[in-house]
$ cat target.cif   # mmCIF, C-alpha atoms and all ligand atoms
data_query
loop_
_atom_site.label_atom_id
_atom_site.label_comp_id
_atom_site.auth_asym_id
_atom_site.auth_seq_id
_atom_site.Cartn_x
_atom_site.Cartn_y
_atom_site.Cartn_z
CA MET A 24 12.35 9.63 10.25
CA ILE A 25 12.18 5.85 10.00
CA ARG A 26 9.08 4.63 11.84
CA PRO A 27 8.31 1.06 12.91
CA ILE A 28 5.96 -0.65 10.44
CA VAL A 29 2.66 -1.87 11.89
CA MET A 30 2.37 -5.64 11.57
CA TYR A 31 -0.52 -7.82 10.49
CA GLY A 32 -2.69 -8.50 13.50
CA SER A 33 -2.83 -4.89 14.63
CA PRO A 34 -6.38 -3.44 14.52
CA ILE A 35 -4.93 -0.26 12.97
CA LEU A 36 -4.53 -2.06 9.64
CA ARG A 37 -8.23 -2.86 9.62
CA GLN A 38 -9.48 0.68 10.16
CA LYS A 39 -10.59 3.10 7.48
CA ALA A 40 -8.24 6.09 7.21
CA LEU A 41 -9.57 9.66 7.31
CA PRO A 42 -9.21 12.34 4.61
CA VAL A 43 -6.37 14.85 5.02
CA GLU A 44 -7.48 18.49 5.39
CA PRO A 45 -5.60 20.99 3.21
CA GLY A 46 -2.96 22.73 5.32
CA ASP A 47 -2.70 19.88 7.83
CA LYS A 48 0.53 20.72 9.67
CA ARG A 49 1.38 17.02 10.09
CA LEU A 50 1.54 16.41 6.35
CA PRO A 51 5.19 17.32 5.50
CA ASN A 52 6.58 15.17 8.31
CA LEU A 53 4.18 12.34 7.51
CA ILE A 54 5.28 12.28 3.86
CA GLN A 55 8.97 12.34 4.82
CA ASP A 56 8.45 9.53 7.34
CA LEU A 57 6.65 7.43 4.72
CA TRP A 58 9.55 7.82 2.26
CA ASP A 59 12.21 7.15 4.92
CA THR A 60 10.38 4.10 6.27
CA MET A 61 9.57 2.69 2.83
CA TYR A 62 13.13 3.01 1.47
CA ASN A 63 14.62 1.60 4.68
CA ALA A 64 12.41 -1.48 4.23
CA GLN A 65 13.18 -1.63 0.50
CA GLY A 66 9.50 -1.38 -0.36
CA ILE A 67 7.90 0.14 -3.45
CA GLY A 68 4.89 1.53 -1.61
CA LEU A 69 3.75 2.44 1.90
CA ALA A 70 0.46 3.75 3.29
CA ALA A 71 0.12 6.01 6.36
CA PRO A 72 -1.83 3.41 8.42
CA GLN A 73 1.24 1.18 8.14
CA ILE A 74 3.13 3.65 10.32
CA GLY A 75 0.15 4.04 12.63
CA ILE A 76 -1.33 7.21 11.10
CA LEU A 77 -4.97 6.82 10.01
CA LEU A 78 -4.84 9.40 7.22
CA ARG A 79 -5.50 8.88 3.50
CA VAL A 80 -1.92 9.16 2.24
CA PHE A 81 0.39 6.72 0.52
CA VAL A 82 3.68 6.90 -1.36
CA ILE A 83 4.85 4.82 -4.29
CA ASP A 84 8.22 4.48 -6.02
CA VAL A 85 8.28 2.02 -8.89
CA SER A 86 11.06 3.91 -10.69
CA GLY A 87 13.36 0.92 -10.19
CA SER A 88 11.29 -1.30 -12.48
CA LYS A 89 13.38 -3.34 -14.89
CA ASN A 90 10.67 -3.31 -17.54
CA PRO A 91 11.62 -0.51 -19.98
CA GLU A 92 8.01 -0.30 -21.18
CA GLU A 93 6.89 0.89 -17.77
CA PRO A 94 7.34 4.60 -17.12
CA PRO A 95 8.90 5.33 -13.70
CA LEU A 96 6.60 6.62 -10.98
CA ARG A 97 7.58 8.29 -7.72
CA GLU A 98 4.60 10.01 -6.21
CA VAL A 99 2.67 10.98 -3.08
CA PHE A 100 -1.07 10.22 -3.21
CA ILE A 101 -3.32 12.20 -0.86
CA ASN A 102 -7.09 11.65 -0.57
CA PRO A 103 -7.04 9.37 -3.63
CA ARG A 104 -10.24 8.47 -5.46
CA LEU A 105 -10.38 5.48 -7.78
CA ILE A 106 -12.17 6.52 -10.96
CA ALA A 107 -11.91 3.41 -13.12
CA LEU A 108 -10.47 -0.08 -12.98
CA GLU A 109 -9.66 -2.06 -16.10
CA ALA A 110 -11.84 -5.13 -16.62
CA GLN A 111 -8.86 -7.30 -17.48
CA ARG A 112 -7.07 -8.83 -14.49
CA THR A 113 -3.47 -9.95 -14.20
CA PRO A 114 -1.76 -12.13 -11.57
CA TYR A 115 1.31 -11.14 -9.58
CA GLU A 116 3.15 -12.55 -6.57
CA GLU A 117 2.24 -9.80 -4.14
CA GLY A 118 3.77 -9.02 -0.77
CA CYS A 119 3.28 -6.41 1.96
CA LEU A 120 5.72 -4.84 4.42
CA SER A 121 3.09 -5.43 7.16
CA ILE A 122 3.00 -9.17 6.36
CA PRO A 123 6.71 -10.11 6.14
CA GLY A 124 7.76 -13.38 4.56
CA LEU A 125 4.53 -13.94 2.66
CA ARG A 126 4.08 -13.64 -1.09
CA GLU A 127 0.93 -14.83 -2.81
CA ARG A 128 -0.42 -14.74 -6.33
CA ILE A 129 -3.15 -12.10 -6.48
CA TYR A 130 -5.28 -11.13 -9.48
CA ARG A 131 -6.01 -7.43 -9.86
CA PRO A 132 -7.26 -5.12 -12.60
CA SER A 133 -4.29 -4.45 -14.89
CA GLY A 134 -4.99 -0.73 -15.15
CA VAL A 135 -6.34 2.01 -12.91
CA GLU A 136 -7.43 5.61 -13.25
CA ILE A 137 -7.08 7.67 -10.11
CA GLU A 138 -7.62 11.24 -8.93
CA TYR A 139 -5.58 12.48 -5.98
CA TYR A 140 -3.74 15.41 -4.43
CA ASP A 141 0.04 15.45 -4.66
CA ALA A 142 2.52 16.51 -1.95
CA ASN A 143 1.75 20.19 -2.70
CA PHE A 144 -2.00 19.55 -2.52
CA ARG A 145 -2.48 20.00 -6.25
CA LEU A 146 -5.28 17.95 -7.76
CA LYS A 147 -3.99 15.38 -10.24
CA ARG A 148 -5.46 12.63 -12.35
CA GLY A 149 -3.59 9.75 -13.92
CA ARG A 150 -3.93 6.41 -15.69
CA PHE A 151 -1.50 3.70 -14.65
CA THR A 152 -0.70 0.16 -15.72
CA GLY A 153 1.87 -2.49 -14.77
CA MET A 154 3.58 -2.29 -11.38
CA ALA A 155 2.27 1.25 -10.78
CA ALA A 156 -1.35 0.05 -11.12
CA ARG A 157 -0.59 -2.92 -8.88
CA ALA A 158 1.03 -0.78 -6.17
CA ILE A 159 -1.67 1.92 -6.30
CA GLN A 160 -4.44 -0.64 -5.74
CA HIS A 161 -2.51 -2.37 -2.95
CA GLU A 162 -1.82 0.92 -1.12
CA TYR A 163 -5.32 2.24 -1.72
CA ASP A 164 -6.63 -0.91 -0.03
CA HIS A 165 -4.59 -0.04 3.08
CA LEU A 166 -6.60 3.21 3.38
CA GLU A 167 -9.78 1.12 3.39
CA GLY A 168 -8.49 -1.36 5.97
CA ARG A 169 -8.03 -4.08 3.34
CA LEU A 170 -5.01 -6.36 2.93
CA PHE A 171 -3.92 -8.41 -0.06
CA ILE A 172 -4.59 -11.66 1.80
CA ASP A 173 -8.30 -10.71 1.79
CA TYR A 174 -8.32 -11.70 -1.90
CA LEU A 175 -7.11 -15.25 -1.27
CA SER A 176 -9.47 -18.19 -1.47
CA PRO A 177 -10.81 -19.51 1.86
CA LEU A 178 -8.75 -22.67 1.32
CA ARG A 179 -5.53 -20.76 0.71
CA ARG A 180 -6.14 -18.58 3.78
CA GLN A 181 -6.73 -21.70 5.83
CA LEU A 182 -3.39 -23.10 4.67
CA LEU A 183 -1.63 -19.86 5.67
CA ARG A 184 -3.38 -19.53 9.02
CA ALA A 185 -0.47 -20.74 11.15
CA LYS A 186 1.98 -18.44 9.36
CA LEU A 187 -0.32 -15.44 9.76
CA ARG A 188 -0.74 -16.24 13.44
CA GLU A 189 3.05 -16.22 13.86
CA ILE A 190 3.26 -12.75 12.31
CA ALA A 191 0.39 -11.47 14.47
CA ALA A 192 2.15 -12.84 17.56
CA GLY A 193 5.33 -10.91 16.70
CA ARG A 194 7.33 -14.08 16.11
CA VAL A 195 8.37 -13.29 12.53
CA GLU A 196 11.57 -11.29 12.05
CA ALA A 197 11.68 -8.48 9.51
CA ALA A 198 14.74 -6.61 8.21
CA TYR A 199 13.26 -3.32 9.48
CA PRO A 200 11.71 -1.97 12.69
CA THR A 201 8.20 -3.27 13.33
CA THR A 202 5.41 -2.83 15.87
CA LEU A 203 2.23 -4.71 16.67
NI NI B 1 0.92 -3.47 2.03
#

$ encode --input "target.cif" --output "structure tokens"
Amino acid sequence: MIRPIVMYGSPILRQKALPVEPGDKRLPNLIQDLWDTMYNAQGIGLAAPQIGILLRVFVIDVSGSKNPEEPPLREVFINPRLIALEAQRTPYEEGCLSIPGLRERIYRPSGVEIEYYDANFRLKRGRFTGMAARAIQHEYDHLEGRLFIDYLSPLRRQLLRAKLREIAAGRVEAAYPTTL
């Protein structure tokens, strides 16, 4: 089911999400709702807090990448644990479905190693680079109550303050259902 996406300004996006217990009856519906909501908004990743559920789950689909060197990735990440981040950082114009209309250049580690449970609660471990690494770090941050704008310089944040206030006031239109 398509759920409204929680907008910047909501305290939900600043809270730390809780681990999922194995056998949690809410999990299958939560995963389906994340996929439905993400695809409807044409996103490449979505974390459970963004649909108002404070559980440590996110989904990523970067299978549409145009770079043939990047392997496709469509995966559910439950209770993820970051194991290693590459020292080298790369910039990218990052956006977030909870902060519509804003894209900013953010530097992040270009590779990540992560351990997590998949949709069937099987323990997995993987190393990712490119868009997958970017999306994993962005979505993982959502589980910690962090947003990509937290990485901006104080000056840049100051310049964007009015725009962010508009989003938080519900005055910015998105092409998908939203909630504050
Ligand atoms: Ni986001």

$ closest_residue --input "target.cif" --among "A:Tyr62, A:Phe151, A:Tyr140, A:Phe81" --to "ligand NI 1 (chain B)" --atoms "all atoms listed in the file"
A:Phe81

$ residues_near_point --input "target.cif" --point "(-5.5, -2.6, 5.9)" --cutoff "8 Å" --atoms "all atoms listed in the file" --output "list in words"
Ile35, Leu36, Arg37, Gln38, Lys39, Pro72, Asp164, His165, Leu166, Glu167, Gly168, Arg169 and Leu170 of chain A

$ closest_atom_pairs --input "target.cif" --of "segment 83-192 of chain A" --to "segment 47-61 of chain A" --cutoff "12 Å" --atoms "all atoms listed in the file" --output "CSV"
residue,atom,partner,partner_atom,distance
A:Ile83,CA,A:Trp58,CA,8.6
A:Asp84,CA,A:Trp58,CA,9.0
A:Val85,CA,A:Met61,CA,11.8
A:Arg97,CA,A:Trp58,CA,10.2
A:Glu98,CA,A:Trp58,CA,10.1
A:Val99,CA,A:Ile54,CA,7.5
A:Phe100,CA,A:Ile54,CA,9.7
A:Ile101,CA,A:Leu50,CA,9.7
A:Cys119,CA,A:Met61,CA,11.1
A:Leu120,CA,A:Met61,CA,8.6
A:Ser121,CA,A:Met61,CA,11.3
A:Asp141,CA,A:Ile54,CA,10.5
A:Ala142,CA,A:Ile54,CA,7.7
A:Asn143,CA,A:Pro51,CA,9.3
A:Phe144,CA,A:Leu50,CA,10.1

$ residues_around --input "target.cif" --residues "Ala71 of chain A" --least-positions-apart "2" --cutoff "6 Å" --atoms "all atoms listed in the file" --output "list of chain:residue names"
A:Gln73, A:Ile74, A:Ile76, A:Val80, A:Phe81

$ closest_residue --input "target.cif" --among "A:Pro34, A:Pro114, A:Gly46, A:Gly87" --to "Tyr174 of chain A" --atoms "only C-alpha atoms"
A:Pro114

$ closest_residue --input "target.cif" --among "A:Arg126, A:Arg148, A:Arg112, A:Arg184" --to "ligand NI 1 (chain B)" --atoms "all atoms listed in the file"
A:Arg126

$ residues_around --input "target.cif" --residues "Val135 of chain A" --least-positions-apart "5" --cutoff "7 Å" --atoms "all atoms listed in the file" --output "number ranges by chain"
A: 107-109, 150-152, 156

$ residues_around --input "target.cif" --residues "Ala198 of chain A" --least-positions-apart "2" --cutoff "10 Å" --atoms "all atoms listed in the file" --output "count of residues only"
8

$ atom_distance --input "target.cif" --atom1 "atom CA of Tyr115 of chain A" --atom2 "atom CA of Val195 of chain A"
23.3 Å

$ residues_around --input "target.cif" --residues "Val43 of chain A" --least-positions-apart "3" --cutoff "7 Å" --atoms "only C-alpha atoms" --output "PyMOL selection string"
chain A and resi 47+78-79+102

$ atom_distance --input "target.cif" --atom1 "atom CA of Glu116 of chain A" --atom2 "atom CA of Glu189 of chain A"
20.8 Å

$ atom_distance --input "target.cif" --atom1 "atom CA of Ile137 of chain A" --atom2 "atom CA of Ile159 of chain A"
8.8 Å
